[in-house]
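Pasted below: target_34.txt, compact mmCIF, C-alpha atoms.
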```
# COMPACT_ATOMS: atom_id res chain seq x y z
CA MET A 1 0.00 0.00 0.00
CA THR A 2 1.53 3.17 -1.05
CA ASP A 3 1.47 6.37 0.88
CA ARG A 4 -0.12 9.52 -0.65
CA VAL A 5 1.99 12.59 -0.92
CA TYR A 6 0.29 15.87 -0.18
CA PRO A 7 1.75 19.19 -1.30
CA SER A 8 3.19 21.33 1.34
CA THR A 9 1.24 24.37 2.38
CA LYS A 10 4.34 26.36 3.03
CA PRO A 11 5.48 28.74 0.35
CA ASN A 12 8.52 28.06 -1.66
CA GLY A 13 11.52 30.25 -1.66
CA THR A 14 10.10 32.51 -4.37
CA THR A 15 6.98 34.24 -3.35
CA HIS A 16 4.67 36.24 -5.62
CA PRO A 17 3.20 39.49 -4.23
CA THR A 18 -0.56 39.65 -3.84
CA PRO A 19 -2.19 42.36 -6.13
CA ALA A 20 -3.67 45.24 -4.18
CA ALA A 21 -7.39 45.89 -4.43
CA PRO A 22 -8.36 48.98 -6.48
CA THR A 23 -9.38 51.98 -4.43
CA VAL A 24 -12.72 53.53 -5.27
CA ASN A 25 -13.06 57.19 -4.47
CA PRO A 26 -16.48 58.05 -3.05
CA PRO A 27 -18.62 60.45 -5.14
CA PRO A 28 -18.29 64.02 -4.11
CA ALA A 29 -21.01 65.27 -1.90
CA LYS A 30 -23.70 67.20 -3.80
CA ALA A 31 -23.52 70.81 -2.91
CA HIS A 32 -26.79 72.30 -1.78
CA ALA A 33 -27.85 75.30 -3.82
CA LEU A 34 -28.13 78.47 -1.81
CA TYR A 35 -31.27 80.64 -2.20
CA ASN A 36 -30.57 83.97 -3.89
CA PRO A 37 -33.54 86.36 -4.10
CA THR A 38 -31.88 88.53 -6.77
CA ARG A 39 -31.22 85.62 -9.05
CA HIS A 40 -33.55 85.33 -12.09
CA PRO A 41 -35.42 82.06 -12.47
CA TYR A 42 -34.30 79.72 -15.12
CA ARG A 43 -36.29 79.90 -18.32
CA PRO A 44 -35.77 77.45 -21.12
CA THR A 45 -35.01 78.80 -24.56
CA PRO A 46 -38.13 78.64 -26.79
CA THR A 47 -38.06 76.28 -29.68
CA SER A 48 -37.99 77.46 -33.26
CA ARG A 49 -41.73 76.84 -33.70
CA HIS A 50 -42.59 79.01 -30.70
CA ARG A 51 -40.25 81.70 -31.95
CA HIS A 52 -41.90 81.65 -35.39
CA LYS A 53 -45.36 81.87 -33.83
CA HIS A 54 -44.32 84.86 -31.72
CA GLN A 55 -42.89 86.65 -34.76
CA ARG A 56 -46.07 86.01 -36.78
CA HIS A 57 -48.24 87.39 -33.93
CA PHE A 58 -46.07 90.49 -33.73
CA SER A 59 -46.31 90.98 -37.52
CA CYS A 60 -50.15 90.75 -37.45
CA ARG A 61 -50.35 93.25 -34.63
CA ARG A 62 -48.04 95.60 -36.49
CA CYS A 63 -50.18 95.38 -39.65
CA PHE A 64 -53.33 96.09 -37.63
CA CYS A 65 -51.74 99.16 -36.04
CA LEU A 66 -50.62 100.47 -39.43
CA THR A 67 -54.09 99.92 -40.89
CA CYS A 68 -55.72 101.84 -38.03
CA PHE A 69 -53.20 104.66 -38.37
CA TRP A 70 -53.76 105.11 -42.11
CA SER A 71 -57.54 104.83 -41.74
CA ILE A 72 -57.60 107.58 -39.12
CA LEU A 73 -55.27 109.70 -41.24
CA ILE A 74 -57.49 109.32 -44.34
CA LEU A 75 -60.61 110.13 -42.30
CA ILE A 76 -59.00 113.29 -40.94
CA ALA A 77 -58.00 114.30 -44.48
CA ILE A 78 -61.57 113.78 -45.76
CA LEU A 79 -63.04 115.82 -42.90
CA LEU A 80 -60.50 118.56 -43.52
CA LEU A 81 -61.37 118.69 -47.22
CA ALA A 82 -65.09 118.77 -46.41
CA ALA A 83 -64.54 121.64 -43.98
CA ILE A 84 -62.57 123.56 -46.62
CA ALA A 85 -65.27 122.95 -49.25
CA SER A 86 -68.01 124.04 -46.83
CA ALA A 87 -66.13 127.21 -45.95
CA ALA A 88 -65.59 128.02 -49.64
CA PHE A 89 -69.28 127.35 -50.38
CA TYR A 90 -70.37 129.64 -47.54
CA VAL A 91 -68.03 132.43 -48.65
CA LEU A 92 -69.23 132.24 -52.25
CA TYR A 93 -72.99 131.85 -51.76
CA ARG A 94 -73.79 132.91 -48.17
CA PRO A 95 -76.76 130.47 -47.91
CA HIS A 96 -79.78 131.28 -45.73
CA ARG A 97 -82.99 129.42 -45.01
CA PRO A 98 -86.22 130.67 -46.61
CA LEU A 99 -88.33 133.02 -44.51
CA PHE A 100 -92.08 132.58 -44.10
CA SER A 101 -94.63 134.97 -42.62
CA VAL A 102 -98.42 135.03 -42.22
CA THR A 103 -100.06 137.88 -44.10
CA SER A 104 -103.69 137.17 -43.26
CA LEU A 105 -106.09 134.48 -42.03
CA LYS A 106 -109.84 134.80 -42.46
CA ILE A 107 -112.56 132.47 -41.18
CA SER A 108 -115.70 132.59 -43.31
CA THR A 109 -117.41 129.45 -41.94
CA PHE A 110 -117.17 127.81 -38.53
CA ASN A 111 -120.09 125.57 -37.57
CA LEU A 112 -120.46 122.93 -34.86
CA THR A 113 -123.47 120.67 -35.52
CA THR A 114 -124.75 117.90 -33.27
CA THR A 115 -126.67 114.96 -34.73
CA PRO A 116 -129.48 113.83 -32.37
CA SER A 117 -129.56 110.26 -33.67
CA ASP A 118 -126.04 109.30 -32.60
CA ASP A 119 -125.18 112.38 -30.48
CA SER A 120 -122.10 113.08 -32.62
CA THR A 121 -120.68 116.54 -33.29
CA HIS A 122 -119.56 117.61 -36.77
CA LEU A 123 -117.27 120.52 -37.63
CA THR A 124 -117.58 122.47 -40.86
CA THR A 125 -115.10 125.26 -41.64
CA ARG A 126 -113.90 127.47 -44.46
CA ILE A 127 -110.62 129.36 -43.92
CA ASN A 128 -108.63 131.58 -46.28
CA ILE A 129 -104.93 132.05 -45.59
CA THR A 130 -102.24 134.14 -47.23
CA LEU A 131 -98.54 133.64 -46.52
CA SER A 132 -95.34 134.99 -48.00
CA ALA A 133 -92.18 132.97 -48.73
CA LYS A 134 -89.03 135.07 -49.02
CA ASN A 135 -85.74 133.97 -50.52
CA PRO A 136 -83.03 136.06 -48.81
CA ASN A 137 -80.21 134.61 -50.93
CA LYS A 138 -78.67 136.38 -53.89
CA LYS A 139 -77.33 133.37 -55.83
CA ILE A 140 -79.59 130.51 -54.70
CA ILE A 141 -82.96 129.45 -56.14
CA PHE A 142 -85.49 127.44 -54.10
CA LEU A 143 -87.63 124.88 -55.94
CA TYR A 144 -90.76 123.92 -53.96
CA ASP A 145 -92.88 120.83 -54.50
CA PRO A 146 -96.66 120.98 -53.85
CA MET A 147 -97.15 121.58 -50.12
CA SER A 148 -99.80 120.33 -47.74
CA ILE A 149 -101.27 122.93 -45.35
CA THR A 150 -103.09 122.25 -42.08
CA VAL A 151 -104.68 124.69 -39.65
CA LEU A 152 -104.80 123.49 -36.02
CA SER A 153 -106.08 124.71 -32.68
CA ASN A 154 -104.37 122.90 -29.78
CA SER A 155 -103.89 119.78 -31.94
CA VAL A 156 -107.53 119.90 -33.15
CA ASN A 157 -107.68 119.89 -36.94
CA LEU A 158 -109.64 122.88 -38.27
CA SER A 159 -108.93 122.66 -42.01
CA ASN A 160 -106.80 120.92 -44.63
CA GLY A 161 -105.56 122.26 -47.93
CA SER A 162 -102.68 122.37 -50.37
CA PHE A 163 -100.73 124.71 -52.61
CA ALA A 164 -99.14 124.08 -56.01
CA ASN A 165 -95.41 123.87 -56.63
CA PHE A 166 -93.54 127.11 -57.30
CA THR A 167 -90.05 128.53 -57.76
CA ASN A 168 -88.66 131.18 -55.45
CA SER A 169 -86.05 133.29 -57.25
CA PRO A 170 -83.10 134.94 -55.47
CA ASP A 171 -83.99 137.93 -53.33
CA ASN A 172 -87.67 137.54 -54.17
CA ILE A 173 -90.99 137.03 -52.29
CA SER A 174 -93.59 134.46 -53.37
CA ILE A 175 -97.21 134.69 -52.20
CA ILE A 176 -99.03 131.56 -50.99
CA HIS A 177 -102.80 132.01 -51.03
CA THR A 178 -105.29 129.18 -50.59
CA SER A 179 -108.84 128.55 -49.43
CA MET A 180 -109.44 125.35 -47.47
CA GLY A 181 -111.73 123.82 -44.87
CA LEU A 182 -113.53 120.80 -43.45
CA ASN A 183 -116.90 119.36 -44.38
CA SER A 184 -118.78 117.72 -41.47
CA GLN A 185 -115.68 116.42 -39.75
CA VAL A 186 -116.62 114.24 -36.74
CA LEU A 187 -115.04 115.35 -33.46
CA ASP A 188 -114.30 113.10 -30.51
CA ALA A 189 -115.14 114.12 -26.95
CA ASP A 190 -111.65 115.43 -26.11
CA SER A 191 -111.40 117.54 -29.26
CA LEU A 192 -114.89 118.94 -28.73
CA ASN A 193 -114.21 119.92 -25.12
CA SER A 194 -110.89 121.53 -26.04
CA LEU A 195 -112.47 123.46 -28.89
CA LYS A 196 -115.39 124.73 -26.77
CA SER A 197 -112.99 125.84 -24.05
CA ASP A 198 -110.84 127.78 -26.55
CA LEU A 199 -113.89 129.46 -28.11
CA LYS A 200 -114.61 131.16 -24.78
CA ARG A 201 -111.31 133.04 -24.78
CA LYS A 202 -111.51 136.81 -25.19
CA ASN A 203 -108.53 137.12 -27.51
CA GLY A 204 -109.92 134.50 -29.91
CA LEU A 205 -109.23 130.93 -30.90
CA PRO A 206 -105.49 130.04 -30.77
CA MET A 207 -104.47 128.77 -34.19
CA GLU A 208 -101.40 127.27 -35.82
CA ILE A 209 -100.49 126.74 -39.48
CA VAL A 210 -98.35 123.71 -40.43
CA MET A 211 -96.94 123.24 -43.95
CA ASP A 212 -94.98 120.23 -45.22
CA THR A 213 -93.16 120.13 -48.54
CA MET A 214 -89.97 119.18 -50.37
CA VAL A 215 -87.58 121.90 -51.50
CA GLY A 216 -84.60 121.81 -53.80
CA VAL A 217 -81.67 124.19 -54.12
CA LYS A 218 -80.23 125.39 -57.42
CA MET A 219 -76.98 127.33 -57.68
CA GLU A 220 -76.08 128.36 -61.23
CA LYS A 221 -75.58 124.98 -62.98
CA LEU A 222 -75.49 122.94 -59.76
CA LYS A 223 -78.78 121.41 -58.59
CA MET A 224 -78.99 119.62 -55.25
CA LYS A 225 -81.33 116.84 -54.19
CA LYS A 226 -84.60 117.94 -52.60
CA ILE A 227 -85.07 117.65 -48.86
CA GLY A 228 -88.17 117.86 -46.69
CA ILE A 229 -89.03 120.92 -44.63
CA ARG A 230 -91.81 121.72 -42.16
CA VAL A 231 -92.99 125.28 -41.58
CA LYS A 232 -94.84 126.07 -38.35
CA CYS A 233 -96.55 129.42 -37.83
CA ASP A 234 -98.08 130.10 -34.41
CA GLY A 235 -99.15 133.13 -32.41
CA ILE A 236 -102.38 133.48 -34.42
CA HIS A 237 -105.72 134.22 -32.72
CA GLY A 238 -108.83 133.79 -34.86
CA LEU A 239 -112.31 135.21 -34.33
CA VAL A 240 -115.21 132.94 -35.17
CA PRO A 241 -118.17 134.43 -37.14
CA LYS A 242 -121.22 134.79 -34.96
CA ALA A 243 -123.74 133.96 -37.69
CA LYS A 244 -123.71 130.60 -39.44
CA LYS A 245 -123.93 132.24 -42.85
CA THR A 246 -122.11 135.53 -43.25
CA VAL A 247 -120.76 137.43 -46.19
CA THR A 248 -117.94 139.15 -44.32
CA PRO A 249 -115.39 136.67 -42.92
CA ALA A 250 -113.83 137.13 -39.48
CA VAL A 251 -110.24 138.34 -39.66
CA ALA A 252 -107.71 136.71 -37.32
CA ASN A 253 -105.04 138.63 -35.44
CA THR A 254 -101.66 137.79 -37.04
CA SER A 255 -99.55 140.61 -35.61
CA ASN A 256 -97.71 138.24 -33.25
CA ALA A 257 -97.44 135.37 -35.71
CA LYS A 258 -93.99 133.79 -36.10
CA CYS A 259 -92.93 131.07 -38.53
CA LYS A 260 -90.16 128.53 -38.02
CA VAL A 261 -88.58 126.34 -40.72
CA ASP A 262 -87.35 122.87 -39.72
CA LEU A 263 -85.59 120.31 -41.88
CA ARG A 264 -87.26 116.92 -42.24
CA ILE A 265 -84.51 114.31 -42.72
CA LYS A 266 -85.54 110.69 -43.09
CA ILE A 267 -83.20 107.99 -41.83
CA PHE A 268 -84.67 104.57 -42.59
CA LYS A 269 -88.19 104.83 -41.06
CA TRP A 270 -87.57 107.71 -38.66
CA THR A 271 -88.07 111.36 -39.53
CA PHE A 272 -86.07 114.06 -37.70
```

Spell out the structure here as structure tokens.
Amino acid sequence: MTDRVYPSTKPNGTTHPTPAAPTVNPPPAKAHALYNPTRHPYRPTPTSRHRHKHQRHFSCRRCFCLTCFWSILILIAILLLAAIASAAFYVLYRPHRPLFSVTSLKISTFNLTTTPSDDSTHLTTRINITLSAKNPNKKIIFLYDPMSITVLSNSVNLSNGSFANFTNSPDNISIIHTSMGLNSQVLDADSLNSLKSDLKRKNGLPMEIVMDTMVGVKMEKLKMKKIGIRVKCDGIHGLVPKAKKTVTPAVANTSNAKCKVDLRIKIFKWTF
């Protein structure tokens, strides 16, 4: 039986050095950021798409501002030219409104009749009026359309009439004379009471003349579009004939009568 030989655990004469383990340096400690109130916050740089969108928005706003600026400038220029043209027109022609005055008003018939069957009251009148229309301009001609004429007493209609069209030359006076009236016009209770109350006045029945027409303006070869006017003449006090049938009409007092001319401008359905 043979004996087993085991290697010796002792090192030989030549020994090999043991390699040293690599040293690993620990990661440096993360420094804590200190709070600085004056430091601006970090903002990322916008991308190219955001930058393009911002530039396009700025360009649109700039175009809008330029459009508003030029629009306002053109409007100011138009208003300035209109003001210059108006001033030149006024210097050349010196325009004035036509002047109206009441020459006379005569009442030949004024009857209130009550019907027993229906207890209604009817008004029958015949009134003659004479007015004058003066053109105070020296280079302007007024062209009048047929005018409607109404005589009122505190909004109660006393007579209706009309007058034909006419031309009023520069610095000239045209006479408007017409005879008009009502034939058995039915009055309501309010109109009847108002009329009876006014008939008791000592100075006579208060009356008003209202005329509506269209008038055009002609200056040499220039002819403007016709516009509406309303003429109101008040301050008239009429005396009613005592007899139902009389030859001599009652003459109204027109010494304090004054006439006013107003423009009638239509905008859509409203009249000013």

**Study point:** Distance in Å - CA of Pro136 in chain A versus CA of Val102 in chain A
**Key:** 16.8 Å

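With only C-alpha atoms as the atoms that count, the minimum distance from Arg126 in chain A to the choices A:Thr178, A:Thr114, A:Cys68, A:Asp171 is reached by A:Thr178.
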
Can you tell me which residues surround Gly204 in chain A at a distance of at most 10 Å, considering all atoms listed in the file, apart from same-chain residues fewer than 6 positions away, and format the answer as an mmCIF file with C-alpha atoms, keeping the file's coordinate frame?
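Output file part.cif is given in full below:
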```cif
data_model
loop_
_atom_site.group_PDB
_atom_site.id
_atom_site.type_symbol
_atom_site.label_atom_id
_atom_site.label_comp_id
_atom_site.auth_asym_id
_atom_site.auth_seq_id
_atom_site.Cartn_x
_atom_site.Cartn_y
_atom_site.Cartn_z
ATOM 1 C CA ASP A 198 -110.840 127.780 -26.550
ATOM 2 C CA ILE A 236 -102.380 133.480 -34.420
ATOM 3 C CA HIS A 237 -105.720 134.220 -32.720
ATOM 4 C CA GLY A 238 -108.830 133.790 -34.860
ATOM 5 C CA LEU A 239 -112.310 135.210 -34.330
ATOM 6 C CA VAL A 240 -115.210 132.940 -35.170
ATOM 7 C CA ALA A 252 -107.710 136.710 -37.320
ATOM 8 C CA ASN A 253 -105.040 138.630 -35.440
#
```

**Study point:** Nearest-residue call for Ser101 in chain A, choices A:Ile72, A:Ala133, A:Leu143, A:Met219, using all atoms listed in the file
**Key:** A:Ala133

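Comparing A:Gly216, A:Gly181, A:Pro116, A:Gly235 by their smallest distance to Pro98 in chain A, the closest is A:Gly216 (using all atoms listed in the file).
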